[in-house]
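Heads up, my_file.cif below (mmCIF, C-alpha atoms):
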data_coords
#
loop_
_atom_site.label_atom_id
_atom_site.label_comp_id
_atom_site.auth_asym_id
_atom_site.auth_seq_id
_atom_site.Cartn_x
_atom_site.Cartn_y
_atom_site.Cartn_z
CA MET A 18 0.00 0.00 0.00
CA GLU A 19 1.20 3.51 -0.80
CA THR A 20 1.37 6.08 1.97
CA ILE A 21 1.75 9.06 -0.33
CA ARG A 22 1.80 9.66 -4.09
CA PHE A 23 2.67 12.69 -6.20
CA SER A 24 1.23 12.63 -9.73
CA ASN A 25 2.44 15.26 -12.21
CA VAL A 26 2.95 17.80 -9.41
CA SER A 27 4.43 21.18 -10.26
CA PHE A 28 4.68 24.21 -8.01
CA ARG A 29 5.79 27.81 -8.43
CA TYR A 30 6.29 30.39 -5.69
CA PRO A 31 4.62 33.80 -6.17
CA LEU A 32 6.62 36.13 -8.44
CA ALA A 33 9.11 33.36 -9.25
CA GLU A 34 10.15 32.94 -12.88
CA ASN A 35 10.59 29.16 -12.71
CA ASP A 36 8.83 26.24 -11.03
CA ALA A 37 10.33 25.06 -7.75
CA LEU A 38 8.88 21.58 -8.44
CA LYS A 39 8.62 20.29 -12.00
CA ASN A 40 6.31 17.42 -12.91
CA ILE A 41 7.04 15.33 -9.82
CA ASN A 42 5.89 11.71 -10.01
CA LEU A 43 6.76 9.92 -6.82
CA SER A 44 5.23 7.19 -4.68
CA VAL A 45 6.27 6.17 -1.18
CA LYS A 46 5.25 2.75 0.11
CA GLU A 47 3.99 2.05 3.59
CA SER A 48 6.87 1.59 6.10
CA GLU A 49 9.45 2.70 3.51
CA PHE A 50 12.46 4.70 4.70
CA MET A 51 13.37 7.24 2.03
CA VAL A 52 16.17 9.83 1.98
CA LEU A 53 16.09 12.94 -0.22
CA CYS A 54 19.41 14.26 -1.52
CA GLY A 55 20.42 17.26 -3.60
CA LYS A 56 22.06 20.66 -3.48
CA SER A 57 20.67 23.49 -1.37
CA GLY A 58 17.73 25.12 -3.14
CA CYS A 59 16.99 22.14 -5.39
CA GLY A 60 13.43 21.70 -4.07
CA LYS A 61 13.81 19.09 -1.29
CA THR A 62 12.11 21.11 1.45
CA THR A 63 9.44 22.40 -0.92
CA LEU A 64 8.58 18.80 -1.80
CA LEU A 65 8.38 17.71 1.83
CA ARG A 66 6.22 20.66 2.83
CA HIS A 67 3.63 19.59 0.29
CA MET A 68 3.08 16.41 2.29
CA LYS A 69 1.47 18.20 5.25
CA LYS A 70 -1.48 20.55 4.82
CA ASN A 71 -0.50 23.27 7.30
CA MET A 72 3.08 23.32 5.98
CA MET A 73 2.24 23.78 2.30
CA PRO A 74 3.83 26.94 0.87
CA TYR A 75 1.70 29.52 -0.91
CA GLY A 76 1.91 29.53 -4.67
CA ASN A 77 0.63 27.90 -7.87
CA LEU A 78 0.22 24.14 -7.46
CA SER A 79 -0.87 21.67 -10.13
CA GLY A 80 -1.15 17.89 -10.12
CA ASP A 81 -2.43 15.44 -7.50
CA ILE A 82 -1.11 14.57 -4.03
CA LEU A 83 -2.70 11.50 -2.45
CA TYR A 84 -2.36 10.31 1.14
CA ARG A 85 -3.35 6.65 1.50
CA GLY A 86 -5.29 6.91 -1.73
CA CYS A 87 -7.25 10.05 -0.81
CA ASP A 88 -6.73 13.66 -1.82
CA LEU A 89 -4.39 15.17 0.77
CA ALA A 90 -6.30 18.47 0.60
CA GLU A 91 -9.40 16.69 1.94
CA LEU A 92 -7.62 15.29 5.01
CA GLY A 93 -9.09 16.81 8.19
CA ASP A 94 -6.97 18.96 10.49
CA ARG A 95 -7.10 16.40 13.30
CA GLU A 96 -6.07 13.56 10.99
CA SER A 97 -3.26 15.66 9.51
CA THR A 98 -1.99 16.49 13.00
CA SER A 99 -2.10 12.94 14.30
CA GLU A 100 -1.05 10.99 11.20
CA ILE A 101 1.66 13.15 9.63
CA GLY A 102 4.58 14.20 11.83
CA TYR A 103 6.87 16.93 10.53
CA VAL A 104 10.10 18.18 12.15
CA GLN A 105 11.64 21.31 10.66
CA GLN A 106 15.31 22.27 10.59
CA ASN A 107 14.77 25.23 12.94
CA PRO A 108 13.04 24.19 16.20
CA ASP A 109 12.08 27.80 17.02
CA ASN A 110 9.53 27.56 14.21
CA GLN A 111 7.54 24.85 15.99
CA LEU A 112 7.95 25.19 19.77
CA VAL A 113 4.91 26.89 21.28
CA THR A 114 4.89 26.63 25.10
CA ASP A 115 7.01 27.67 28.11
CA LYS A 116 8.23 24.52 29.89
CA VAL A 117 9.63 21.30 28.42
CA TRP A 118 6.86 19.19 30.00
CA HIS A 119 4.16 21.40 28.50
CA GLU A 120 5.86 21.26 25.11
CA LEU A 121 5.99 17.48 25.11
CA ALA A 122 2.41 17.14 26.33
CA PHE A 123 0.98 19.78 23.98
CA GLY A 124 0.31 17.53 20.99
CA LEU A 125 -1.34 14.79 23.06
CA GLU A 126 -3.50 17.36 24.85
CA SER A 127 -4.66 18.76 21.51
CA LEU A 128 -5.69 15.24 20.47
CA GLY A 129 -7.79 14.86 23.64
CA CYS A 130 -5.71 12.23 25.43
CA ASP A 131 -6.42 11.70 29.13
CA ASN A 132 -3.93 12.77 31.80
CA TYR A 133 -2.77 9.22 32.61
CA THR A 134 -1.97 8.50 28.95
CA ILE A 135 -0.17 11.83 28.55
CA LYS A 136 2.02 11.27 31.63
CA ARG A 137 2.87 7.70 30.64
CA ARG A 138 3.71 8.45 27.02
CA VAL A 139 5.68 11.63 27.79
CA SER A 140 7.77 9.77 30.38
CA GLU A 141 8.46 6.89 27.98
CA MET A 142 9.45 9.13 25.10
CA ALA A 143 11.61 11.37 27.31
CA SER A 144 13.62 8.33 28.35
CA TYR A 145 14.17 7.41 24.69
CA PHE A 146 15.80 10.79 24.07
CA ASP A 147 17.42 11.09 27.52
CA ILE A 148 15.56 14.32 28.38
CA GLN A 149 13.60 13.13 31.42
CA THR A 150 15.46 15.58 33.69
CA TRP A 151 14.45 18.59 31.57
CA PHE A 152 10.73 18.70 32.36
CA ARG A 153 10.85 21.89 34.47
CA LYS A 154 13.30 23.76 32.24
CA ASP A 155 12.25 26.88 30.34
CA VAL A 156 12.12 26.11 26.62
CA SER A 157 13.47 29.59 25.81
CA LYS A 158 16.67 28.85 27.77
CA LEU A 159 17.54 25.65 25.93
CA SER A 160 20.23 25.48 23.28
CA GLY A 161 19.26 24.98 19.64
CA GLY A 162 20.23 21.32 19.80
CA GLN A 163 18.22 20.76 22.99
CA LYS A 164 15.18 22.42 21.45
CA GLN A 165 15.43 20.15 18.45
CA ARG A 166 15.51 17.04 20.63
CA ILE A 167 12.28 18.27 22.22
CA SER A 168 10.74 18.85 18.77
CA ILE A 169 11.64 15.35 17.59
CA ALA A 170 10.40 13.68 20.78
CA ARG A 171 7.11 15.61 20.61
CA VAL A 172 6.42 14.41 17.08
CA PHE A 173 7.01 10.76 18.01
CA LEU A 174 4.64 11.11 20.96
CA LYS A 175 1.76 11.32 18.49
CA ASN A 176 2.96 8.07 16.89
CA PRO A 177 2.30 9.23 13.31
CA PRO A 178 2.31 6.61 10.53
CA LEU A 179 4.08 9.15 8.28
CA LEU A 180 7.19 10.90 9.61
CA ILE A 181 8.94 13.75 7.78
CA LEU A 182 12.31 15.07 8.97
CA ASP A 183 13.64 18.14 7.17
CA GLU A 184 17.33 18.16 8.17
CA ALA A 185 16.02 17.71 11.70
CA THR A 186 19.37 16.75 13.24
CA SER A 187 21.49 19.48 11.64
CA ALA A 188 21.33 21.68 14.77
CA LEU A 189 22.71 18.93 17.03
CA ASP A 190 26.32 18.48 18.04
CA ASN A 191 27.97 15.24 16.95
CA GLU A 192 27.37 13.38 20.22
CA SER A 193 23.72 14.42 20.43
CA GLU A 194 23.18 13.62 16.76
CA ARG A 195 24.50 10.09 17.20
CA ALA A 196 22.24 9.53 20.21
CA VAL A 197 19.18 10.94 18.44
CA GLN A 198 19.90 8.96 15.26
CA GLU A 199 19.98 5.75 17.28
CA SER A 200 16.58 6.60 18.75
CA LEU A 201 15.23 7.57 15.34
CA SER A 202 16.36 4.30 13.79
CA GLU A 203 14.43 2.35 16.41
CA LEU A 204 11.32 4.54 16.43
CA ALA A 205 11.10 4.78 12.63
CA LYS A 206 10.64 1.01 12.25
CA ASP A 207 7.29 0.08 10.66
CA ARG A 208 6.68 3.76 9.93
CA THR A 209 6.85 5.55 6.57
CA THR A 210 9.76 7.96 6.92
CA LEU A 211 11.05 10.67 4.58
CA ILE A 212 14.16 12.52 5.58
CA ILE A 213 16.62 15.08 4.30
CA ALA A 214 19.91 14.02 5.85
CA HIS A 215 23.65 14.28 5.30
CA ARG A 216 24.99 11.68 7.74
CA LEU A 217 26.49 8.82 5.73
CA SER A 218 25.03 6.08 7.93
CA THR A 219 21.53 7.50 7.50
CA ILE A 220 21.83 7.73 3.72
CA MET A 221 23.26 4.24 3.32
CA GLY A 222 20.56 2.76 5.57
CA ALA A 223 17.67 4.05 3.43
CA ASP A 224 15.37 1.71 1.53
CA GLU A 225 15.48 4.22 -1.31
CA ILE A 226 17.32 7.44 -2.09
CA ILE A 227 15.75 10.18 -4.19
CA THR A 228 18.03 12.68 -5.88
CA ILE A 229 16.47 16.03 -6.74
CA GLU A 230 17.99 18.53 -9.15
CA ASN A 231 16.39 21.84 -10.17
CA GLY A 232 12.97 20.76 -8.91
CA ARG A 233 12.98 17.38 -10.66
CA VAL A 234 13.45 13.83 -9.43
CA VAL A 235 16.45 12.72 -11.49
CA GLU A 236 17.39 9.44 -9.76
CA ARG A 237 15.84 6.86 -7.50
CA GLY A 238 17.38 3.71 -6.04
CA THR A 239 19.41 2.20 -3.22
CA HIS A 240 22.79 3.55 -2.21
CA ASN A 241 24.68 0.85 -4.10
CA GLU A 242 22.46 1.10 -7.18
CA LEU A 243 23.01 4.84 -7.47
CA LEU A 244 26.75 4.54 -6.92
CA ALA A 245 26.97 1.94 -9.67
CA LYS A 246 24.97 4.21 -11.98
CA GLY A 247 27.63 6.91 -11.63
CA GLY A 248 25.18 9.78 -12.01
CA THR A 249 24.15 12.79 -9.91
CA TYR A 250 24.03 10.92 -6.59
CA ALA A 251 27.46 9.37 -7.14
CA THR A 252 28.92 12.82 -7.84
CA TYR A 253 27.20 14.30 -4.79
CA TYR A 254 28.41 11.42 -2.62
CA ARG A 255 32.00 11.75 -3.83
CA MET A 256 32.07 15.51 -3.21
CA GLN A 257 30.38 15.25 0.20
CA PHE A 258 32.37 12.36 1.64
CA GLY A 259 35.65 12.45 -0.28
CA VAL A 260 35.50 9.00 -1.82
CA GLY A 261 36.12 7.55 -5.25
CA PHE A 262 34.67 4.42 -6.85
CA GLU A 263 35.96 1.12 -8.12
CA GLY A 264 34.84 -0.17 -11.49
CA ASP A 265 31.89 -2.02 -9.94
CA GLY A 266 30.66 1.08 -8.11
CA THR A 267 32.08 0.08 -4.72
CA ALA A 268 33.15 3.11 -2.70
CA ARG A 269 36.80 3.52 -1.87
CA LYS A 270 38.70 6.29 -0.15
CA GLY A 271 40.03 8.75 -2.69
#

Would you write the structure of this file as C-alpha cells?
Amino acid sequence: METIRFSNVSFRYPLAENDALKNINLSVKESEFMVLCGKSGCGKTTLLRHMKKNMMPYGNLSGDILYRGCDLAELGDRESTSEIGYVQQNPDNQLVTDKVWHELAFGLESLGCDNYTIKRRVSEMASYFDIQTWFRKDVSKLSGGQKQRISIARVFLKNPPLLILDEATSALDNESERAVQESLSELAKDRTTLIIAHRLSTIMGADEIITIENGRVVERGTHNELLAKGGTYATYYRMQFGVGFEGDGTARKG
C-alpha cells in the first residue's frame, strides 16, 4: 500500500520565474524509509512541505497529491496532526509553550488524550531521548540542539504513521546527533519515513534514495544502485564524503 503519491505535481512560488517543483511523479510505500538528496535550493524542502497541509507553501500548485489513496487536501486537520509528523530544521519555528513538559504534552493534549496517557507516554518518550530531567526547564533557555531534541520527541509522541524530517538533526552536536539517530532508527521502524539528511550512515541505511535537481526527481534507487549508476548521486556522494569508486561502483577512499 502507498502512503503518499505525487502525480504530475508542479509548483511555483509567487513572483518566481521558474517552477520550484517540475512534474514530480513519486510514490512512497507504507513503512518505507526514504532519503532525499540534492544541493541546497533544489526543491527538497518544498517537496516535503507539500506532504502536510499546514506546511504547504503559498503559490501555484498543479497535479495530484494523495495520502493513502485520498486527496491530501481533503484530510481533516485532526487527521493531519495525528497521522503526519513533521520536524523542521529550525526548532524555534515549531515550539509553542514555556516549559519542556508542557511542550511534550501539547500535541497529546490537543488530540484529547487523558492525563494518565499523557504522563505515561511523555515519560516513555523522554527516556528514549534522555531528556527526562528537563521537564521543568524553560524552553526559551535551551540550546538549539536541545530544542530540536524536544521537537523530535514531541512528534514521536503522536505516533504518526508518516514521519517527515527536514534536516532535523542538523542543529545537534555530533554526540547528540549520534544519540538521536539511534533513537530515530528504532522509532522509525514500521513507519513511513522521509528525511533530508547528510549523515552517511543515515543515507546508506535508506530503503530508497531520491536525488532532486532543479525541482525534478532525477534518480531513485538504493545507495549501491546509485553509486553503480555513476550519475548525480554518485557525484554528490563523492564531493560530500571524499571518496572515489571502483569499477563495480564500490566506494573507496580517494

- request: For each of A:His119, A:Arg216, A:Lys175, A:Arg153, take the minimum atom-to-atom distance to Leu204 (chain A), counting all atoms listed in the file, then give the residue where this is smallest.
  value: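 Ranking A:His119, A:Arg216, A:Lys175, A:Arg153 by distance to Leu204 (chain A), first place goes to A:Lys175.
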
message: I'd like the interatomic distance between CA of Tyr145 (chain A) and CA of Ser200 (chain A), to a tenth of an Å.
response: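 So the two atoms, CA of Tyr145 (chain A) and CA of Ser200 (chain A), lie 6.5 Å apart.
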
query: Nearest to Asp207 (chain A) among A:Gln106, A:Ser48, A:Asn231, A:Thr252, with distances taken over all atoms listed in the file: which residue is it?
result: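 Counting all atoms listed in the file, the residue closest to Asp207 (chain A) is A:Ser48.
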
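CA of Gln257 (chain A) is positioned 25.7 Å from CA of Tyr103 (chain A).
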
field: Residue with smallest distance to Met221 (chain A) - pool A:Glu242, A:Glu47, A:Asp88, A:Asp36, counting only C-alpha atoms
entry: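 Of A:Glu242, A:Glu47, A:Asp88, A:Asp36, the one nearest Met221 (chain A) is A:Glu242, counting only C-alpha atoms.
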
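Nearest residue to Gly80 (chain A), choosing from A:Phe152, A:Val52, A:Phe28, A:Gly248 and counting all atoms listed in the file: A:Phe28.
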
field: Point-to-point distance in Å for CA of Glu96 (chain A) and CA of Ile135 (chain A)
entry: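 Between CA of Ile135 (chain A) and CA of Glu96 (chain A) the gap is 18.6 Å.
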
- prompt: Residues picked by the PyMOL selection byres ((chain A and resi 139) around 9) here, as an MDAnalysis selection string?
  reply: chainID A and resid 118 121:122 134:138 140:144 149 170:171 174

query: Which residues fall under the PyMOL selection byres ((chain A and resi 181) around 7) in this file, as number ranges by chain?
result: A: 102-104, 179-180, 182-183, 210-212

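Within the 6 Å cut-off around Arg22 (chain A), using only C-alpha atoms and omitting residues fewer than 3 positions from it on the same chain, the listed residues are Leu43, Ser44, Ile82 and Leu83 of chain A.
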
Shortest interatomic distance to Met256 (chain A) - which of A:Ser24, A:Met18, A:Lys56, A:Thr239, counting all atoms listed in the file: A:Lys56

task: Choose the residue, out of A:Asp224, A:Ile41, A:Glu199, A:Gly238, that has the smallest atom-to-atom separation from Ser79 (chain A); count all atoms listed in the file.
output: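 Residue with the minimum atom-to-atom distance to Ser79 (chain A): A:Ile41.
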
Identify the residues within 10 Å of coordinate (16.8, 14.4, 2.9) (same frame as the file), considering all atoms listed in the file, and give the answer as a PDB file with C-alpha atoms, in the coordinates of the input.
ATOM      1  CA  MET A  51      13.370   7.240   2.030  1.00  0.00           C
ATOM      2  CA  VAL A  52      16.170   9.830   1.980  1.00  0.00           C
ATOM      3  CA  LEU A  53      16.090  12.940  -0.220  1.00  0.00           C
ATOM      4  CA  CYS A  54      19.410  14.260  -1.520  1.00  0.00           C
ATOM      5  CA  GLY A  55      20.420  17.260  -3.600  1.00  0.00           C
ATOM      6  CA  LYS A  61      13.810  19.090  -1.290  1.00  0.00           C
ATOM      7  CA  THR A  62      12.110  21.110   1.450  1.00  0.00           C
ATOM      8  CA  LEU A  65       8.380  17.710   1.830  1.00  0.00           C
ATOM      9  CA  ILE A 181       8.940  13.750   7.780  1.00  0.00           C
ATOM     10  CA  LEU A 182      12.310  15.070   8.970  1.00  0.00           C
ATOM     11  CA  ASP A 183      13.640  18.140   7.170  1.00  0.00           C
ATOM     12  CA  GLU A 184      17.330  18.160   8.170  1.00  0.00           C
ATOM     13  CA  ALA A 185      16.020  17.710  11.700  1.00  0.00           C
ATOM     14  CA  LEU A 211      11.050  10.670   4.580  1.00  0.00           C
ATOM     15  CA  ILE A 212      14.160  12.520   5.580  1.00  0.00           C
ATOM     16  CA  ILE A 213      16.620  15.080   4.300  1.00  0.00           C
ATOM     17  CA  ALA A 214      19.910  14.020   5.850  1.00  0.00           C
ATOM     18  CA  HIS A 215      23.650  14.280   5.300  1.00  0.00           C
ATOM     19  CA  ARG A 216      24.990  11.680   7.740  1.00  0.00           C
ATOM     20  CA  THR A 219      21.530   7.500   7.500  1.00  0.00           C
ATOM     21  CA  ILE A 220      21.830   7.730   3.720  1.00  0.00           C
ATOM     22  CA  ILE A 226      17.320   7.440  -2.090  1.00  0.00           C
ATOM     23  CA  ILE A 227      15.750  10.180  -4.190  1.00  0.00           C
ATOM     24  CA  THR A 228      18.030  12.680  -5.880  1.00  0.00           C
ATOM     25  CA  ILE A 229      16.470  16.030  -6.740  1.00  0.00           C
TER      26      ILE A 229
END

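Put simply, the PyMOL selection byres ((chain A and resi 78) around 9) in this file takes in Val26, Ser27, Phe28, Arg29, Tyr30, Tyr75, Gly76, Asn77, Ser79 and Gly80 of chain A.
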
Please complete region 44-55 of chain A so it has all heavy atoms, and hand it over as a JSON list (two decimals), in the frame of the given file.
[["chain", "number", "residue", "atom", "x", "y", "z"],
["A", 44, "SER", "N", 6.05, 7.95, -5.62],
["A", 44, "SER", "CA", 5.23, 7.19, -4.68],
["A", 44, "SER", "C", 6.12, 6.67, -3.55],
["A", 44, "SER", "O", 7.27, 6.32, -3.77],
["A", 44, "SER", "CB", 4.53, 6.02, -5.37],
["A", 44, "SER", "OG", 5.48, 5.11, -5.90],
["A", 45, "VAL", "N", 5.55, 6.66, -2.35],
["A", 45, "VAL", "CA", 6.27, 6.17, -1.18],
["A", 45, "VAL", "C", 5.42, 5.07, -0.54],
["A", 45, "VAL", "O", 4.27, 5.30, -0.16],
["A", 45, "VAL", "CB", 6.52, 7.30, -0.16],
["A", 45, "VAL", "CG1", 7.40, 6.78, 0.98],
["A", 45, "VAL", "CG2", 7.19, 8.49, -0.83],
["A", 46, "LYS", "N", 5.98, 3.89, -0.43],
["A", 46, "LYS", "CA", 5.25, 2.75, 0.11],
["A", 46, "LYS", "C", 5.14, 2.82, 1.63],
["A", 46, "LYS", "O", 5.95, 3.46, 2.31],
["A", 46, "LYS", "CB", 5.93, 1.44, -0.30],
["A", 46, "LYS", "CG", 6.00, 1.21, -1.79],
["A", 46, "LYS", "CD", 6.78, -0.06, -2.10],
["A", 46, "LYS", "CE", 6.91, -0.26, -3.60],
["A", 46, "LYS", "NZ", 7.74, -1.46, -3.92],
["A", 47, "GLU", "N", 4.16, 2.13, 2.15],
["A", 47, "GLU", "CA", 3.99, 2.05, 3.59],
["A", 47, "GLU", "C", 5.23, 1.42, 4.23],
["A", 47, "GLU", "O", 5.76, 0.43, 3.74],
["A", 47, "GLU", "CB", 2.75, 1.21, 3.90],
["A", 47, "GLU", "CG", 2.36, 1.19, 5.36],
["A", 47, "GLU", "CD", 1.04, 0.49, 5.59],
["A", 47, "GLU", "OE1", 0.11, 0.71, 4.80],
["A", 47, "GLU", "OE2", 0.95, -0.29, 6.55],
["A", 48, "SER", "N", 5.70, 2.04, 5.31],
["A", 48, "SER", "CA", 6.87, 1.59, 6.10],
["A", 48, "SER", "C", 8.20, 1.78, 5.37],
["A", 48, "SER", "O", 9.24, 1.32, 5.85],
["A", 48, "SER", "CB", 6.74, 0.12, 6.53],
["A", 48, "SER", "OG", 5.57, -0.06, 7.31],
["A", 49, "GLU", "N", 8.20, 2.46, 4.23],
["A", 49, "GLU", "CA", 9.45, 2.70, 3.51],
["A", 49, "GLU", "C", 10.24, 3.83, 4.16],
["A", 49, "GLU", "O", 9.67, 4.80, 4.65],
["A", 49, "GLU", "CB", 9.15, 3.06, 2.06],
["A", 49, "GLU", "CG", 10.40, 3.17, 1.18],
["A", 49, "GLU", "CD", 10.06, 3.33, -0.30],
["A", 49, "GLU", "OE1", 8.92, 3.70, -0.62],
["A", 49, "GLU", "OE2", 10.94, 3.05, -1.12],
["A", 50, "PHE", "N", 11.55, 3.68, 4.17],
["A", 50, "PHE", "CA", 12.46, 4.70, 4.70],
["A", 50, "PHE", "C", 13.18, 5.33, 3.52],
["A", 50, "PHE", "O", 14.00, 4.69, 2.88],
["A", 50, "PHE", "CB", 13.45, 4.08, 5.68],
["A", 50, "PHE", "CG", 14.47, 5.04, 6.23],
["A", 50, "PHE", "CD1", 14.11, 6.34, 6.58],
["A", 50, "PHE", "CD2", 15.79, 4.65, 6.41],
["A", 50, "PHE", "CE1", 15.05, 7.22, 7.09],
["A", 50, "PHE", "CE2", 16.73, 5.52, 6.92],
["A", 50, "PHE", "CZ", 16.36, 6.82, 7.26],
["A", 51, "MET", "N", 12.86, 6.58, 3.22],
["A", 51, "MET", "CA", 13.37, 7.24, 2.03],
["A", 51, "MET", "C", 14.17, 8.49, 2.41],
["A", 51, "MET", "O", 13.74, 9.28, 3.25],
["A", 51, "MET", "CB", 12.21, 7.63, 1.11],
["A", 51, "MET", "CG", 12.62, 8.31, -0.19],
["A", 51, "MET", "SD", 11.18, 8.69, -1.23],
["A", 51, "MET", "CE", 10.72, 7.04, -1.77],
["A", 52, "VAL", "N", 15.33, 8.66, 1.77],
["A", 52, "VAL", "CA", 16.17, 9.83, 1.98],
["A", 52, "VAL", "C", 16.17, 10.68, 0.72],
["A", 52, "VAL", "O", 16.31, 10.16, -0.39],
["A", 52, "VAL", "CB", 17.62, 9.43, 2.35],
["A", 52, "VAL", "CG1", 18.54, 10.64, 2.34],
["A", 52, "VAL", "CG2", 17.66, 8.76, 3.72],
["A", 53, "LEU", "N", 16.02, 12.00, 0.89],
["A", 53, "LEU", "CA", 16.09, 12.94, -0.22],
["A", 53, "LEU", "C", 17.46, 13.61, -0.22],
["A", 53, "LEU", "O", 17.93, 14.09, 0.82],
["A", 53, "LEU", "CB", 15.01, 14.02, -0.09],
["A", 53, "LEU", "CG", 13.62, 13.69, -0.64],
["A", 53, "LEU", "CD1", 13.00, 12.53, 0.13],
["A", 53, "LEU", "CD2", 12.71, 14.91, -0.57],
["A", 54, "CYS", "N", 18.10, 13.64, -1.38],
["A", 54, "CYS", "CA", 19.41, 14.26, -1.52],
["A", 54, "CYS", "C", 19.37, 15.30, -2.64],
["A", 54, "CYS", "O", 18.55, 15.23, -3.55],
["A", 54, "CYS", "CB", 20.47, 13.20, -1.86],
["A", 54, "CYS", "SG", 20.84, 12.06, -0.52],
["A", 55, "GLY", "N", 20.31, 16.23, -2.56],
["A", 55, "GLY", "CA", 20.42, 17.26, -3.60],
["A", 55, "GLY", "C", 21.01, 18.52, -3.02],
["A", 55, "GLY", "O", 21.08, 18.70, -1.80]]
